[in-house]
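Engineer: What follows is work31.cif, made up of mmCIF, C-alpha atoms:
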data_entry
loop_
_atom_site.group_PDB
_atom_site.id
_atom_site.type_symbol
_atom_site.label_atom_id
_atom_site.label_comp_id
_atom_site.auth_asym_id
_atom_site.auth_seq_id
_atom_site.Cartn_x
_atom_site.Cartn_y
_atom_site.Cartn_z
ATOM 1 C CA MET A 612 14.163 -40.512 -205.923
ATOM 2 C CA SER A 613 11.052 -38.519 -206.790
ATOM 3 C CA PHE A 614 7.944 -40.012 -208.367
ATOM 4 C CA GLN A 615 6.805 -36.618 -209.646
ATOM 5 C CA THR A 616 4.859 -36.637 -212.904
ATOM 6 C CA ARG A 617 2.136 -34.489 -214.396
ATOM 7 C CA VAL A 618 -0.311 -36.748 -212.527
ATOM 8 C CA THR A 619 1.197 -36.008 -209.103
ATOM 9 C CA ASP A 620 1.323 -32.326 -210.007
ATOM 10 C CA LEU A 621 -2.334 -32.414 -211.035
ATOM 11 C CA LEU A 622 -3.586 -34.388 -208.042
ATOM 12 C CA GLY A 623 -1.200 -33.119 -205.377
ATOM 13 C CA THR A 624 -0.228 -36.646 -204.320
ATOM 14 C CA LYS A 625 3.148 -38.149 -203.395
ATOM 15 C CA TYR A 626 2.715 -41.052 -205.814
ATOM 16 C CA PRO A 627 0.864 -41.181 -209.154
ATOM 17 C CA ILE A 628 -1.408 -43.948 -207.868
ATOM 18 C CA VAL A 629 -5.209 -43.723 -208.037
ATOM 19 C CA GLN A 630 -7.590 -46.066 -206.221
ATOM 20 C CA GLY A 631 -10.406 -47.240 -208.462
ATOM 21 C CA GLY A 632 -14.069 -46.483 -207.811
ATOM 22 C CA LEU A 633 -14.897 -50.009 -206.534
ATOM 23 C CA ALA A 634 -18.680 -50.156 -206.363
ATOM 24 C CA TYR A 635 -20.017 -50.845 -202.844
ATOM 25 C CA LEU A 636 -16.455 -50.950 -201.449
ATOM 26 C CA ALA A 637 -14.867 -47.523 -201.897
ATOM 27 C CA TYR A 638 -16.007 -45.632 -198.830
ATOM 28 C CA SER A 639 -14.206 -43.259 -196.487
ATOM 29 C CA ASP A 640 -12.193 -46.002 -194.737
ATOM 30 C CA LEU A 641 -10.324 -47.109 -197.846
ATOM 31 C CA CYS A 642 -10.189 -43.592 -199.284
ATOM 32 C CA ILE A 643 -8.457 -42.236 -196.168
ATOM 33 C CA ALA A 644 -5.939 -45.082 -196.111
ATOM 34 C CA VAL A 645 -4.936 -44.679 -199.762
ATOM 35 C CA SER A 646 -4.616 -40.902 -199.538
ATOM 36 C CA GLU A 647 -2.621 -41.100 -196.298
ATOM 37 C CA ALA A 648 -0.279 -43.622 -197.953
ATOM 38 C CA GLY A 649 0.491 -41.188 -200.772
ATOM 39 C CA GLY A 650 -2.013 -42.126 -203.453
ATOM 40 C CA LEU A 651 -5.407 -40.722 -204.386
ATOM 41 C CA GLY A 652 -8.159 -42.412 -202.409
ATOM 42 C CA GLN A 653 -11.718 -42.232 -203.710
ATOM 43 C CA ILE A 654 -15.289 -42.476 -202.453
ATOM 44 C CA THR A 655 -17.747 -44.067 -204.867
ATOM 45 C CA ALA A 656 -20.766 -41.763 -204.896
ATOM 46 C CA MET A 657 -23.356 -43.953 -206.563
ATOM 47 C CA SER A 658 -22.996 -46.746 -204.013
ATOM 48 C CA LEU A 659 -24.489 -44.361 -201.454
ATOM 49 C CA SER A 660 -28.230 -43.911 -201.048
ATOM 50 C CA THR A 661 -28.562 -40.160 -200.530
ATOM 51 C CA PRO A 662 -26.664 -36.923 -201.048
ATOM 52 C CA GLU A 663 -26.430 -36.543 -197.270
ATOM 53 C CA GLU A 664 -24.617 -39.877 -197.022
ATOM 54 C CA LEU A 665 -22.074 -38.634 -199.554
ATOM 55 C CA ARG A 666 -21.648 -35.403 -197.588
ATOM 56 C CA GLN A 667 -21.029 -37.446 -194.447
ATOM 57 C CA GLU A 668 -18.444 -39.639 -196.189
ATOM 58 C CA ILE A 669 -16.611 -36.547 -197.445
ATOM 59 C CA ALA A 670 -16.633 -35.122 -193.909
ATOM 60 C CA LYS A 671 -15.155 -38.353 -192.523
ATOM 61 C CA VAL A 672 -12.317 -38.220 -195.051
ATOM 62 C CA ARG A 673 -11.513 -34.610 -194.189
ATOM 63 C CA GLU A 674 -11.634 -35.416 -190.491
ATOM 64 C CA HIS A 675 -8.886 -38.018 -190.839
ATOM 65 C CA THR A 676 -6.633 -36.703 -193.603
ATOM 66 C CA ASN A 677 -5.641 -33.414 -195.177
ATOM 67 C CA LYS A 678 -4.389 -35.207 -198.289
ATOM 68 C CA PRO A 679 -6.141 -34.987 -201.675
ATOM 69 C CA PHE A 680 -8.957 -37.429 -202.428
ATOM 70 C CA GLY A 681 -11.555 -37.981 -205.090
ATOM 71 C CA VAL A 682 -15.237 -38.807 -205.569
ATOM 72 C CA ASN A 683 -16.030 -41.323 -208.295
ATOM 73 C CA PHE A 684 -19.218 -41.274 -210.358
ATOM 74 C CA ALA A 685 -20.071 -44.550 -212.105
ATOM 75 C CA ILE A 686 -22.558 -42.867 -214.390
ATOM 76 C CA GLY A 687 -23.094 -45.671 -216.859
ATOM 77 C CA GLN A 688 -23.754 -48.663 -214.647
ATOM 78 C CA THR A 689 -26.422 -47.815 -212.062
ATOM 79 C CA GLY A 690 -29.022 -46.098 -214.215
ATOM 80 C CA ARG A 691 -29.731 -43.768 -211.280
ATOM 81 C CA PRO A 692 -29.751 -39.974 -211.579
ATOM 82 C CA TYR A 693 -26.461 -38.586 -210.285
ATOM 83 C CA GLU A 694 -26.972 -34.828 -210.488
ATOM 84 C CA HIS A 695 -27.935 -34.426 -206.815
ATOM 85 C CA MET A 696 -24.817 -36.341 -205.783
ATOM 86 C CA LEU A 697 -22.640 -34.268 -208.085
ATOM 87 C CA GLN A 698 -24.032 -31.098 -206.538
ATOM 88 C CA VAL A 699 -22.774 -32.277 -203.135
ATOM 89 C CA ALA A 700 -19.279 -32.867 -204.554
ATOM 90 C CA ILE A 701 -19.313 -29.341 -206.010
ATOM 91 C CA GLU A 702 -20.648 -27.735 -202.819
ATOM 92 C CA GLU A 703 -17.985 -29.556 -200.792
ATOM 93 C CA ASN A 704 -15.331 -28.512 -203.312
ATOM 94 C CA VAL A 705 -13.746 -31.963 -203.372
ATOM 95 C CA PRO A 706 -10.251 -32.001 -204.899
ATOM 96 C CA VAL A 707 -10.979 -34.547 -207.659
ATOM 97 C CA VAL A 708 -13.981 -36.037 -209.438
ATOM 98 C CA SER A 709 -13.598 -39.117 -211.623
ATOM 99 C CA MET A 710 -16.120 -40.478 -214.107
ATOM 100 C CA THR A 711 -16.545 -44.059 -215.268
ATOM 101 C CA GLY A 712 -18.993 -45.314 -217.874
ATOM 102 C CA GLY A 713 -21.610 -43.335 -219.727
ATOM 103 C CA ASN A 714 -21.278 -39.874 -221.233
ATOM 104 C CA PRO A 715 -19.032 -37.646 -219.072
ATOM 105 C CA ALA A 716 -20.035 -34.418 -220.855
ATOM 106 C CA PRO A 717 -22.721 -33.270 -218.352
ATOM 107 C CA ILE A 718 -20.371 -33.744 -215.395
ATOM 108 C CA LEU A 719 -17.473 -32.059 -217.153
ATOM 109 C CA ASP A 720 -19.752 -29.136 -218.040
ATOM 110 C CA ALA A 721 -20.943 -28.851 -214.423
ATOM 111 C CA LEU A 722 -17.345 -28.821 -213.153
ATOM 112 C CA ASP A 723 -16.085 -26.400 -215.780
ATOM 113 C CA LYS A 724 -16.156 -23.295 -213.566
ATOM 114 C CA THR A 725 -14.764 -25.053 -210.476
ATOM 115 C CA ASN A 726 -11.250 -25.893 -209.310
ATOM 116 C CA ILE A 727 -12.106 -29.592 -209.125
ATOM 117 C CA LYS A 728 -9.762 -31.815 -211.149
ATOM 118 C CA LYS A 729 -11.538 -34.033 -213.666
ATOM 119 C CA LEU A 730 -10.505 -37.618 -214.451
ATOM 120 C CA VAL A 731 -12.316 -39.709 -217.068
ATOM 121 C CA LEU A 732 -11.993 -43.478 -217.414
ATOM 122 C CA VAL A 733 -11.787 -44.560 -221.055
ATOM 123 C CA ALA A 734 -11.242 -47.859 -222.841
ATOM 124 C CA SER A 735 -10.289 -46.689 -226.332
ATOM 125 C CA LYS A 736 -8.325 -44.040 -228.168
ATOM 126 C CA ARG A 737 -11.571 -42.576 -229.516
ATOM 127 C CA GLN A 738 -12.972 -42.144 -226.003
ATOM 128 C CA ALA A 739 -9.726 -40.563 -224.815
ATOM 129 C CA LEU A 740 -9.774 -38.004 -227.616
ATOM 130 C CA LYS A 741 -13.401 -37.179 -226.821
ATOM 131 C CA ALA A 742 -12.631 -36.768 -223.114
ATOM 132 C CA GLU A 743 -9.795 -34.378 -223.953
ATOM 133 C CA GLN A 744 -12.089 -32.391 -226.238
ATOM 134 C CA LEU A 745 -14.736 -32.169 -223.507
ATOM 135 C CA GLY A 746 -12.317 -30.769 -220.938
ATOM 136 C CA ALA A 747 -10.931 -33.671 -218.896
ATOM 137 C CA ASP A 748 -7.705 -32.962 -216.992
ATOM 138 C CA ALA A 749 -6.440 -36.534 -217.374
ATOM 139 C CA VAL A 750 -7.657 -39.851 -218.727
ATOM 140 C CA MET A 751 -7.531 -43.198 -216.968
ATOM 141 C CA VAL A 752 -7.146 -45.854 -219.647
ATOM 142 C CA VAL A 753 -8.317 -49.395 -218.818
ATOM 143 C CA GLY A 754 -7.184 -52.443 -220.734
ATOM 144 C CA GLN A 755 -9.223 -55.619 -221.029
ATOM 145 C CA GLU A 756 -7.312 -57.296 -218.166
ATOM 146 C CA GLY A 757 -9.055 -55.025 -215.679
ATOM 147 C CA GLY A 758 -11.853 -55.924 -213.293
ATOM 148 C CA GLY A 759 -15.354 -54.507 -213.474
ATOM 149 C CA HIS A 760 -16.566 -52.647 -216.547
ATOM 150 C CA LEU A 761 -14.279 -52.612 -219.583
ATOM 151 C CA GLY A 762 -14.218 -51.504 -223.186
ATOM 152 C CA ARG A 763 -15.913 -53.404 -225.976
ATOM 153 C CA ASP A 764 -12.829 -53.932 -228.143
ATOM 154 C CA ASP A 765 -10.827 -56.456 -226.058
ATOM 155 C CA ILE A 766 -7.618 -54.401 -226.265
ATOM 156 C CA GLY A 767 -4.995 -55.130 -223.632
ATOM 157 C CA THR A 768 -3.240 -52.520 -221.534
ATOM 158 C CA MET A 769 0.126 -53.096 -223.231
ATOM 159 C CA VAL A 770 -1.290 -52.122 -226.626
ATOM 160 C CA LEU A 771 -3.883 -49.552 -225.559
ATOM 161 C CA ILE A 772 -1.762 -47.277 -223.337
ATOM 162 C CA PRO A 773 0.851 -46.195 -225.912
ATOM 163 C CA GLN A 774 -1.859 -45.616 -228.503
ATOM 164 C CA VAL A 775 -3.681 -43.222 -226.184
ATOM 165 C CA VAL A 776 -0.417 -41.557 -225.085
ATOM 166 C CA ASP A 777 0.352 -40.833 -228.739
ATOM 167 C CA ALA A 778 -3.149 -39.515 -229.407
ATOM 168 C CA VAL A 779 -3.729 -37.044 -226.547
ATOM 169 C CA SER A 780 -1.764 -34.294 -224.818
ATOM 170 C CA LEU A 781 -3.370 -34.999 -221.429
ATOM 171 C CA PRO A 782 -1.649 -37.017 -218.716
ATOM 172 C CA VAL A 783 -2.508 -40.708 -219.099
ATOM 173 C CA ILE A 784 -3.159 -42.974 -216.111
ATOM 174 C CA ALA A 785 -2.855 -46.697 -216.907
ATOM 175 C CA SER A 786 -5.355 -49.218 -215.525
ATOM 176 C CA GLY A 787 -5.894 -52.945 -215.926
ATOM 177 C CA GLY A 788 -3.545 -55.716 -214.818
ATOM 178 C CA ILE A 789 -1.453 -53.566 -212.456
ATOM 179 C CA GLY A 790 -0.823 -54.764 -208.912
ATOM 180 C CA ASP A 791 2.826 -54.173 -208.025
ATOM 181 C CA GLY A 792 5.851 -51.976 -208.695
ATOM 182 C CA ARG A 793 6.668 -53.847 -211.881
ATOM 183 C CA GLY A 794 3.292 -53.025 -213.412
ATOM 184 C CA TRP A 795 3.692 -49.428 -212.257
ATOM 185 C CA MET A 796 7.037 -49.043 -213.992
ATOM 186 C CA ALA A 797 5.772 -50.878 -217.075
ATOM 187 C CA ALA A 798 2.997 -48.278 -217.320
ATOM 188 C CA HIS A 799 5.596 -45.500 -217.237
ATOM 189 C CA ALA A 800 7.610 -47.275 -219.931
ATOM 190 C CA LEU A 801 4.486 -47.237 -222.114
ATOM 191 C CA GLY A 802 4.197 -43.478 -221.676
ATOM 192 C CA ALA A 803 1.631 -43.302 -218.869
ATOM 193 C CA GLU A 804 2.313 -40.900 -216.002
ATOM 194 C CA GLY A 805 0.356 -42.743 -213.341
ATOM 195 C CA ILE A 806 -1.635 -45.869 -212.569
ATOM 196 C CA GLU A 807 -5.092 -46.772 -211.305
ATOM 197 C CA MET A 808 -5.645 -49.978 -209.331
ATOM 198 C CA GLY A 809 -8.926 -51.557 -208.277
ATOM 199 C CA THR A 810 -8.628 -55.273 -207.546
ATOM 200 C CA ARG A 811 -5.319 -54.930 -205.687
ATOM 201 C CA PHE A 812 -6.864 -52.432 -203.247
ATOM 202 C CA ILE A 813 -9.721 -54.833 -202.434
ATOM 203 C CA ALA A 814 -7.178 -57.229 -200.928
ATOM 204 C CA THR A 815 -6.065 -54.769 -198.247
ATOM 205 C CA LYS A 816 -6.909 -54.543 -194.568
ATOM 206 C CA GLU A 817 -8.695 -51.185 -194.936
ATOM 207 C CA CYS A 818 -11.135 -52.479 -197.536
ATOM 208 C CA ILE A 819 -13.346 -53.424 -194.618
ATOM 209 C CA HIS A 820 -16.588 -53.874 -196.559
ATOM 210 C CA ALA A 821 -15.219 -56.758 -198.664
ATOM 211 C CA SER A 822 -16.096 -60.137 -197.158
ATOM 212 C CA GLU A 823 -13.427 -62.637 -196.186
ATOM 213 C CA ALA A 824 -14.772 -64.947 -198.891
ATOM 214 C CA TYR A 825 -14.210 -62.233 -201.513
ATOM 215 C CA LYS A 826 -10.690 -61.484 -200.330
ATOM 216 C CA ASN A 827 -9.842 -65.183 -200.083
ATOM 217 C CA ALA A 828 -11.138 -65.737 -203.608
ATOM 218 C CA ILE A 829 -8.801 -63.005 -204.862
ATOM 219 C CA LEU A 830 -5.884 -64.664 -203.051
ATOM 220 C CA SER A 831 -6.625 -68.208 -204.176
ATOM 221 C CA LYS A 832 -7.657 -67.733 -207.813
ATOM 222 C CA GLU A 833 -5.439 -67.679 -210.888
ATOM 223 C CA GLU A 834 -5.511 -65.169 -213.739
ATOM 224 C CA THR A 835 -7.549 -67.718 -215.716
ATOM 225 C CA ASP A 836 -10.292 -67.698 -213.071
ATOM 226 C CA THR A 837 -12.034 -64.565 -214.296
ATOM 227 C CA VAL A 838 -14.652 -64.189 -216.991
ATOM 228 C CA VAL A 839 -16.212 -61.310 -218.922
ATOM 229 C CA ILE A 840 -19.967 -61.090 -218.416
ATOM 230 C CA LYS A 841 -22.565 -58.698 -219.912
ATOM 231 C CA LYS A 842 -20.729 -58.651 -223.242
ATOM 232 C CA GLU A 843 -23.934 -59.442 -225.114
ATOM 233 C CA LEU A 844 -25.544 -56.422 -223.427
ATOM 234 C CA GLY A 845 -22.809 -54.147 -224.781
ATOM 235 C CA SER A 846 -21.336 -53.422 -221.335
ATOM 236 C CA PRO A 847 -18.648 -56.082 -220.790
ATOM 237 C CA ALA A 848 -17.291 -56.474 -217.273
ATOM 238 C CA ARG A 849 -14.790 -58.887 -215.703
ATOM 239 C CA ALA A 850 -15.716 -60.927 -212.641
ATOM 240 C CA ILE A 851 -14.469 -63.954 -210.739
ATOM 241 C CA ARG A 852 -15.652 -67.108 -212.472
ATOM 242 C CA ASN A 853 -18.178 -69.092 -210.427
ATOM 243 C CA SER A 854 -21.496 -70.902 -210.881
ATOM 244 C CA TRP A 855 -23.351 -67.570 -210.848
ATOM 245 C CA THR A 856 -21.314 -66.086 -213.703
ATOM 246 C CA GLU A 857 -21.658 -69.341 -215.657
ATOM 247 C CA THR A 858 -25.420 -68.968 -215.331
ATOM 248 C CA ILE A 859 -25.172 -65.364 -216.548
ATOM 249 C CA LEU A 860 -23.182 -66.451 -219.607
ATOM 250 C CA ALA A 861 -25.726 -69.153 -220.415
ATOM 251 C CA MET A 862 -28.572 -66.653 -220.042
ATOM 252 C CA GLU A 863 -26.784 -64.198 -222.343
ATOM 253 C CA LYS A 864 -26.680 -66.858 -225.074
ATOM 254 C CA GLU A 865 -30.311 -67.733 -224.518
ATOM 255 C CA ASN A 866 -31.802 -64.209 -224.409
ATOM 256 C CA PRO A 867 -29.322 -61.287 -224.255
ATOM 257 C CA THR A 868 -31.650 -58.638 -222.849
ATOM 258 C CA TYR A 869 -31.421 -56.604 -219.686
ATOM 259 C CA GLU A 870 -34.876 -57.710 -218.538
ATOM 260 C CA HIS A 871 -33.846 -61.353 -218.796
ATOM 261 C CA LEU A 872 -30.578 -60.795 -216.919
ATOM 262 C CA LYS A 873 -31.378 -58.006 -214.473
ATOM 263 C CA HIS A 874 -31.788 -60.198 -211.390
ATOM 264 C CA HIS A 875 -28.492 -61.979 -211.952
ATOM 265 C CA ILE A 876 -26.444 -58.849 -212.763
ATOM 266 C CA SER A 877 -27.998 -56.562 -210.154
ATOM 267 C CA GLY A 878 -26.232 -54.702 -207.409
ATOM 268 C CA GLU A 879 -27.989 -56.981 -204.915
ATOM 269 C CA ALA A 880 -26.456 -60.055 -206.566
ATOM 270 C CA ASN A 881 -23.077 -58.329 -206.407
ATOM 271 C CA LYS A 882 -23.516 -57.626 -202.680
ATOM 272 C CA GLN A 883 -24.445 -61.249 -201.945
ATOM 273 C CA PHE A 884 -20.878 -62.238 -202.810
ATOM 274 C CA ILE A 885 -18.823 -59.187 -201.876
ATOM 275 C CA TYR A 886 -20.633 -58.373 -198.590
ATOM 276 C CA ASN A 887 -22.133 -61.657 -197.434
ATOM 277 C CA GLY A 888 -19.638 -64.092 -198.938
ATOM 278 C CA PHE A 889 -22.339 -66.190 -200.639
ATOM 279 C CA GLU A 890 -20.299 -67.243 -203.659
ATOM 280 C CA ASP A 891 -23.077 -69.352 -205.166
ATOM 281 C CA GLN A 892 -25.659 -66.574 -204.867
ATOM 282 C CA GLY A 893 -23.882 -63.685 -206.585
ATOM 283 C CA PHE A 894 -20.842 -62.372 -208.379
ATOM 284 C CA ALA A 895 -17.752 -60.304 -207.581
ATOM 285 C CA TRP A 896 -15.701 -58.050 -209.837
ATOM 286 C CA ALA A 897 -11.984 -58.776 -210.231
ATOM 287 C CA GLY A 898 -9.291 -58.363 -212.862
ATOM 288 C CA GLN A 899 -6.763 -60.860 -214.150
ATOM 289 C CA VAL A 900 -4.266 -59.403 -211.677
ATOM 290 C CA ILE A 901 -5.740 -61.787 -209.077
ATOM 291 C CA GLY A 902 -3.122 -64.261 -210.281
ATOM 292 C CA MET A 903 -0.468 -61.974 -208.767
ATOM 293 C CA ILE A 904 -2.132 -61.205 -205.432
ATOM 294 C CA HIS A 905 -1.025 -63.403 -202.528
ATOM 295 C CA ASP A 906 -1.467 -61.339 -199.350
ATOM 296 C CA ILE A 907 -3.667 -58.785 -197.601
ATOM 297 C CA PRO A 908 -1.389 -55.980 -196.419
ATOM 298 C CA THR A 909 -2.366 -52.594 -195.085
ATOM 299 C CA THR A 910 -2.711 -50.002 -197.810
ATOM 300 C CA LYS A 911 0.442 -48.281 -196.584
ATOM 301 C CA GLU A 912 2.387 -51.544 -196.652
ATOM 302 C CA LEU A 913 1.196 -52.169 -200.207
ATOM 303 C CA ILE A 914 2.080 -48.711 -201.532
ATOM 304 C CA ASP A 915 5.418 -48.613 -199.689
ATOM 305 C CA ARG A 916 6.302 -52.020 -201.124
ATOM 306 C CA MET A 917 5.334 -50.929 -204.623
ATOM 307 C CA ALA A 918 7.461 -47.797 -204.284
ATOM 308 C CA ALA A 919 10.443 -49.903 -203.187
ATOM 309 C CA GLU A 920 9.942 -52.256 -206.136
ATOM 310 C CA ALA A 921 9.663 -49.318 -208.497
ATOM 311 C CA LEU A 922 12.861 -47.752 -207.124
ATOM 312 C CA ASP A 923 14.755 -51.022 -207.603
ATOM 313 C CA ILE A 924 13.634 -51.141 -211.225
ATOM 314 C CA ARG A 925 14.623 -47.519 -211.821
ATOM 315 C CA LYS A 926 18.061 -48.228 -210.400
ATOM 316 C CA LYS A 927 18.466 -51.140 -212.796
ATOM 317 C CA TRP A 928 17.441 -48.792 -215.604
ATOM 318 C CA LYS A 929 20.010 -46.301 -214.249
ATOM 319 C CA LEU A 930 17.374 -43.557 -214.282
#
Would you write the structure of this file as structure tokens?
Structural biologist:
Amino acid sequence: MSFQTRVTDLLGTKYPIVQGGLAYLAYSDLCIAVSEAGGLGQITAMSLSTPEELRQEIAKVREHTNKPFGVNFAIGQTGRPYEHMLQVAIEENVPVVSMTGGNPAPILDALDKTNIKKLVLVASKRQALKAEQLGADAVMVVGQEGGGHLGRDDIGTMVLIPQVVDAVSLPVIASGGIGDGRGWMAAHALGAEGIEMGTRFIATKECIHASEAYKNAILSKEETDTVVIKKELGSPARAIRNSWTETILAMEKENPTYEHLKHHISGEANKQFIYNGFEDQGFAWAGQVIGMIHDIPTTKELIDRMAAEALDIRKKWKL
């Protein structure tokens, strides 16, 4: 059976599966593995220090796979200028650029005269309509179950996806709470033509930058063991609940300003947990799907298993 949709046609992939941007984790290693397994692997540009580092990561991907891949720009979270990084992606003519957070208009304008496919992560119907108007090729729609940065309206994937599908003519890629073939097929039933996964790809062998403590936390925690931080700052994001996130929540109630919180919500605090495994000295992003993750397969094993699960479901549907 074929998994062809408008998303696979757009991206040139075997499966309509996109690996999320994954700050400080999505480098060439994971990107290569996902693309080789039939999905769209991505490099996260703004986790790199210089344009030359991004150029080197792109070269590594092309050295090890001829499959399509993407470069993700988290334009709303770092506060850093991204134009010099974007110029590298354009000069290297990468197949796909995805945008998360912030205003995607400048990036979409810069890519307008290129052949680069443009994906925009949105968390509401209004944002999806705007992305379509601005020239996106597809929208990735994240429900509030997802890990990392979310929308402000607390709308779940089950409700949000069909609303966006009805509102736009673009292909819709579902994100948030998806970690197996059942979630994949559920997304299709809602009208999406592909899926994006973040948390599930962290718990794979090729996500080599994630500490054992981070991966073990994903395996051992339940869906109730995540919490949304930074809501009072207007940029809600879901992380694994621990003493550090409890402190953040208390600080948000006390004085919800960036200056008050910046040390606790910084990239350095994130790295303390995800790189060094110091759970009491930082935080780690994860979605509610952690309640469904119980092993650390290779990326190929994961995607092959999901495809088998999806095929079984389609057979039951007689499709």
Engineer: I need the residue nearest Gln774 of chain A from this list: A:Lys736, A:Arg673, A:Arg793, A:Lys842. Use all atoms listed in the file for the distance.
Structural biologist: A:Lys736
Engineer: Report as a list in words the residues that result from applying the PyMOL selection byres ((chain A and resi 921) around 8) to the structure here.
Structural biologist: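 Expected selection for the PyMOL selection byres ((chain A and resi 921) around 8) here is Gly792, Arg793, Trp795, Met796, Met917, Ala918, Ala919, Glu920, Leu922, Asp923, Ile924 and Arg925 of chain A.
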Engineer: Carefully work through the PyMOL selection byres ((chain A and resi 848-851) around 7) for this structure and note down the residues it includes, as an mmCIF file with C-alpha atoms, in the coordinates of the input.
Structural biologist:
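Result file result_17.cif:
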data_model
loop_
_atom_site.group_PDB
_atom_site.id
_atom_site.type_symbol
_atom_site.label_atom_id
_atom_site.label_comp_id
_atom_site.auth_asym_id
_atom_site.auth_seq_id
_atom_site.Cartn_x
_atom_site.Cartn_y
_atom_site.Cartn_z
ATOM 1 C CA GLY A 757 -9.055 -55.025 -215.679
ATOM 2 C CA GLY A 758 -11.853 -55.924 -213.293
ATOM 3 C CA GLY A 759 -15.354 -54.507 -213.474
ATOM 4 C CA HIS A 760 -16.566 -52.647 -216.547
ATOM 5 C CA LEU A 761 -14.279 -52.612 -219.583
ATOM 6 C CA ASP A 836 -10.292 -67.698 -213.071
ATOM 7 C CA THR A 837 -12.034 -64.565 -214.296
ATOM 8 C CA VAL A 838 -14.652 -64.189 -216.991
ATOM 9 C CA VAL A 839 -16.212 -61.310 -218.922
ATOM 10 C CA ILE A 840 -19.967 -61.090 -218.416
ATOM 11 C CA LYS A 841 -22.565 -58.698 -219.912
ATOM 12 C CA SER A 846 -21.336 -53.422 -221.335
ATOM 13 C CA PRO A 847 -18.648 -56.082 -220.790
ATOM 14 C CA ARG A 852 -15.652 -67.108 -212.472
ATOM 15 C CA ASN A 853 -18.178 -69.092 -210.427
ATOM 16 C CA PHE A 894 -20.842 -62.372 -208.379
ATOM 17 C CA ALA A 895 -17.752 -60.304 -207.581
ATOM 18 C CA TRP A 896 -15.701 -58.050 -209.837
ATOM 19 C CA ALA A 897 -11.984 -58.776 -210.231
ATOM 20 C CA GLY A 898 -9.291 -58.363 -212.862
#
Engineer: I'd like the neighbourhood of His875 of chain A as a ChimeraX atom specification, where a residue qualifies if any of its atoms comes within 8 Å (using all atoms listed in the file), though same-chain residues fewer than 6 positions away should be ignored.
Structural biologist: /A:855,859,893
Engineer: Need the neighbours of (-20.4, -43.9, -216.4): which residues are at most 12 Å away, counting only C-alpha atoms, as a ChimeraX atom specification?
Structural biologist: /A:632,634,655-657,683-693,709-718,730-734,760-762,846
Engineer: Can you spell out as a list in words the set of residues that the PyMOL selection byres ((chain A and resi 811) around 9) selects in the structure I just provided?
Structural biologist: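 After applying the PyMOL selection byres ((chain A and resi 811) around 9), what remains is Ile789, Gly790, Asp791, Met808, Gly809, Thr810, Phe812, Ile813, Ala814, Thr815, Ile829, Ala897, Gly898, Val900, Ile901, Ile904 and Leu913 of chain A.
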Engineer: Name the closest residue to Val629 of chain A among the candidates A:Glu663, A:Asp748, A:Glu756, A:Glu807; distances are taken between atoms, counting all atoms listed in the file.
Structural biologist: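 Smallest distance to Val629 of chain A is found for A:Glu807.
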Engineer: If I take atom CA of Leu641 of chain A and atom CA of Thr676 of chain A, how far is one from the other in Å, to one decimal?
Structural biologist: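 If I compute the distance from atom CA of Leu641 of chain A to atom CA of Thr676 of chain A, I get 11.8 Å.
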Engineer: Please check which residues have atoms at most 10 Å from (-21.3, -34.4, -206.6) in the file's coordinates, counting all atoms listed in the file, and write them as a list in words.
Structural biologist: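 The answer, in the requested form, is Ala656, Met657, Pro662, Leu665, Arg666, Val682, Asn683, Phe684, Tyr693, Glu694, His695, Met696, Leu697, Gln698, Val699, Ala700, Ile701, Glu702, Glu703, Asn704, Val705, Val708, Ile718, Ala721 and Leu722 of chain A.
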Engineer: I'd like the interatomic distance between atom CA of Lys724 of chain A and atom CA of Ala742 of chain A, to a tenth of an Å.
Structural biologist: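 Between atom CA of Lys724 of chain A and atom CA of Ala742 of chain A the gap is 16.9 Å.
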Engineer: Given the block above, output segment 669-674 of chain A with N, CA, C and O atoms as a short mmCIF file (atom, residue, chain, number, x, y, z; two decimals), in the first residue's frame.
Structural biologist:
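Saved result, result-v7.cif, follows:
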data_model
loop_
_atom_site.label_atom_id
_atom_site.label_comp_id
_atom_site.auth_asym_id
_atom_site.auth_seq_id
_atom_site.Cartn_x
_atom_site.Cartn_y
_atom_site.Cartn_z
N ILE A 669 24.72 20.87 6.94
CA ILE A 669 24.07 20.57 5.67
C ILE A 669 24.96 19.65 4.83
O ILE A 669 24.49 18.68 4.22
N ALA A 670 26.26 19.95 4.82
CA ALA A 670 27.20 19.11 4.05
C ALA A 670 27.24 17.69 4.59
O ALA A 670 27.30 16.72 3.81
N LYS A 671 27.20 17.53 5.90
CA LYS A 671 27.19 16.19 6.50
C LYS A 671 25.95 15.40 6.07
O LYS A 671 26.03 14.21 5.76
N VAL A 672 24.80 16.08 6.07
CA VAL A 672 23.57 15.40 5.65
C VAL A 672 23.70 14.93 4.21
O VAL A 672 23.42 13.77 3.88
N ARG A 673 24.18 15.80 3.34
CA ARG A 673 24.28 15.45 1.92
C ARG A 673 25.34 14.38 1.67
O ARG A 673 25.27 13.63 0.71
N GLU A 674 26.30 14.29 2.56
CA GLU A 674 27.34 13.27 2.42
C GLU A 674 26.78 11.88 2.70
O GLU A 674 27.26 10.89 2.14
#
